[in-house]
Amino acid sequence: MIIGLTGSYASGKDMAADYIVKKFGFKHFSLSDIIRDEMKAQGIEPTRENLIVFGTKLRAENGNGILSKMALKRTESGKDYCITSIRHPDEVLELKKNDGFVLVDIDAQIKIRFDRMKKRNRAGDPQDFDTFVKLEQKESQKEGSGQQLSKTAALADIQISNDSDDVKNLEKQIDDLIKKFKDK
């Protein structure tokens, strides 16, 4: 089984992935980590804005599904995986070629996500709300090789709302998801 997680920035995708790995033994790949690895090899600072630009460049030069192809090369048949940071519809289409793929959209209100981002204090994150909003707009392009989060979310098999600070609520939704799709 492959569970793909998409959603807005700081919506809880990595928290959900960590839980899936810990409780269910899935292996985790982040498409953003693949971009970070490529940027590191070229000496480019991994700011959020640089990630967006570099990911767009990778897609434009190698096809919009390239990051999913790179992640799938790291998988083994018969094992369970959680792939996060899916941000383009063609990445979803590439992953859907695999039996047992389920796309989950995790989201939360923008103010909640901004507060979460500030608390986690990741290098390269925007420091003010206006910049955060502008970067969000860059992540929802309508065409081309840039991030298309709205279109990607629309392809999800299931939606999870993560507005609560109660981690148990998110975990219960994931438990229900795994039970529903793992038994198919």
# chains A, B, ... in the order shown; residues from 1 in each chain; ligands from 1

$ select_by_dssp --residues "region 21-71 of chain A" --states "alpha helix (DSSP H)" --output "PDB file with C-alpha atoms, in the first residue's frame"
ATOM      1  CA  VAL A  21       5.496   5.066  10.208  1.00  0.00           C
ATOM      2  CA  LYS A  22       5.517   4.542  13.981  1.00  0.00           C
ATOM      3  CA  LYS A  23       2.199   2.729  14.377  1.00  0.00           C
ATOM      4  CA  PHE A  24       1.893   0.838  11.098  1.00  0.00           C
ATOM      5  CA  LEU A  31       8.971  14.715  -2.313  1.00  0.00           C
ATOM      6  CA  SER A  32      10.246  17.916  -0.675  1.00  0.00           C
ATOM      7  CA  ASP A  33      13.195  15.958   0.762  1.00  0.00           C
ATOM      8  CA  ILE A  34      14.008  14.757  -2.748  1.00  0.00           C
ATOM      9  CA  ILE A  35      14.078  18.401  -3.861  1.00  0.00           C
ATOM     10  CA  ARG A  36      16.214  19.336  -0.813  1.00  0.00           C
ATOM     11  CA  ASP A  37      18.713  16.566  -1.680  1.00  0.00           C
ATOM     12  CA  GLU A  38      18.991  17.838  -5.250  1.00  0.00           C
ATOM     13  CA  MET A  39      19.411  21.443  -4.026  1.00  0.00           C
ATOM     14  CA  LYS A  40      22.070  20.417  -1.503  1.00  0.00           C
ATOM     15  CA  ALA A  41      24.037  18.695  -4.257  1.00  0.00           C
ATOM     16  CA  ARG A  48      10.724  27.496   1.147  1.00  0.00           C
ATOM     17  CA  GLU A  49      10.842  29.888  -1.797  1.00  0.00           C
ATOM     18  CA  ASN A  50      13.912  28.130  -3.259  1.00  0.00           C
ATOM     19  CA  LEU A  51      12.138  24.774  -2.874  1.00  0.00           C
ATOM     20  CA  ILE A  52       9.195  26.078  -4.893  1.00  0.00           C
ATOM     21  CA  VAL A  53      11.429  27.463  -7.655  1.00  0.00           C
ATOM     22  CA  PHE A  54      13.695  24.406  -7.791  1.00  0.00           C
ATOM     23  CA  GLY A  55      10.787  21.932  -7.759  1.00  0.00           C
ATOM     24  CA  THR A  56       9.143  23.844 -10.600  1.00  0.00           C
ATOM     25  CA  LYS A  57      12.399  23.710 -12.555  1.00  0.00           C
ATOM     26  CA  LEU A  58      12.745  19.950 -11.991  1.00  0.00           C
ATOM     27  CA  ARG A  59       9.196  19.372 -13.222  1.00  0.00           C
ATOM     28  CA  ALA A  60       9.615  21.666 -16.239  1.00  0.00           C
ATOM     29  CA  GLU A  61      12.832  19.945 -17.315  1.00  0.00           C
ATOM     30  CA  ASN A  62      11.866  16.321 -16.554  1.00  0.00           C
ATOM     31  CA  ILE A  66       9.329  13.420 -11.976  1.00  0.00           C
ATOM     32  CA  LEU A  67       9.332  13.669  -8.180  1.00  0.00           C
ATOM     33  CA  SER A  68       6.911  10.748  -7.861  1.00  0.00           C
ATOM     34  CA  LYS A  69       9.036   8.730 -10.279  1.00  0.00           C
ATOM     35  CA  MET A  70      12.113   9.473  -8.157  1.00  0.00           C
ATOM     36  CA  ALA A  71      10.282   8.393  -4.982  1.00  0.00           C
TER      37      ALA A  71
END

$ residues_around --residues "region 163-174 of chain A" --least-positions-apart "3" --cutoff "10 Å" --atoms "only C-alpha atoms" --output "VMD selection string"
chain A and resid 11 to 12 15 to 17 19 to 20 23 104 106 to 113 116 159 to 160 177 to 180

$ closest_residue --among "A:Lys151, A:Asn162, A:Phe114, A:Leu72" --to "Tyr9 (chain A)" --atoms "only C-alpha atoms"
A:Phe114

$ select_by_dssp --residues "region 39-162 of chain A" --states "strand (DSSP E)" --output "list in words"
Tyr81, Cys82, Ile83, Thr84, Phe101, Val102, Leu103, Val104, Asp105, Ile106, Asp107, Ile158, Gln159, Ile160 and Ser161 of chain A

$ atom_distance --atom1 "CA of Arg87 (chain A)" --atom2 "CA of Gln147 (chain A)"
5.3 Å

$ atom_distance --atom1 "CA of Met1 (chain A)" --atom2 "CA of Gly100 (chain A)"
4.7 Å

$ closest_residue --among "A:Leu103, A:Ile44, A:Val133, A:Ala123" --to "Gly7 (chain A)" --atoms "only C-alpha atoms"
A:Leu103

$ atom_distance --atom1 "CA of Asp105 (chain A)" --atom2 "CA of Gln148 (chain A)"
13.0 Å

$ closest_residue --among "A:Asp128, A:Ile158, A:Ser145, A:Ala10" --to "Gly63 (chain A)" --atoms "only C-alpha atoms"
A:Ser145

$ closest_residue --among "A:Thr152, A:Ser85, A:Gln127, A:Gln137" --to "Thr47 (chain A)" --atoms "only C-alpha atoms"
A:Gln127

$ closest_residue --among "A:Lys27, A:Lys134, A:Arg122, A:Lys142" --to "Lys79 (chain A)" --atoms "only C-alpha atoms"
A:Lys27

$ closest_residue --among "A:Ser161, A:Asn98, A:Gln42, A:Ser30" --to "Cys82 (chain A)" --atoms "only C-alpha atoms"
A:Ser30
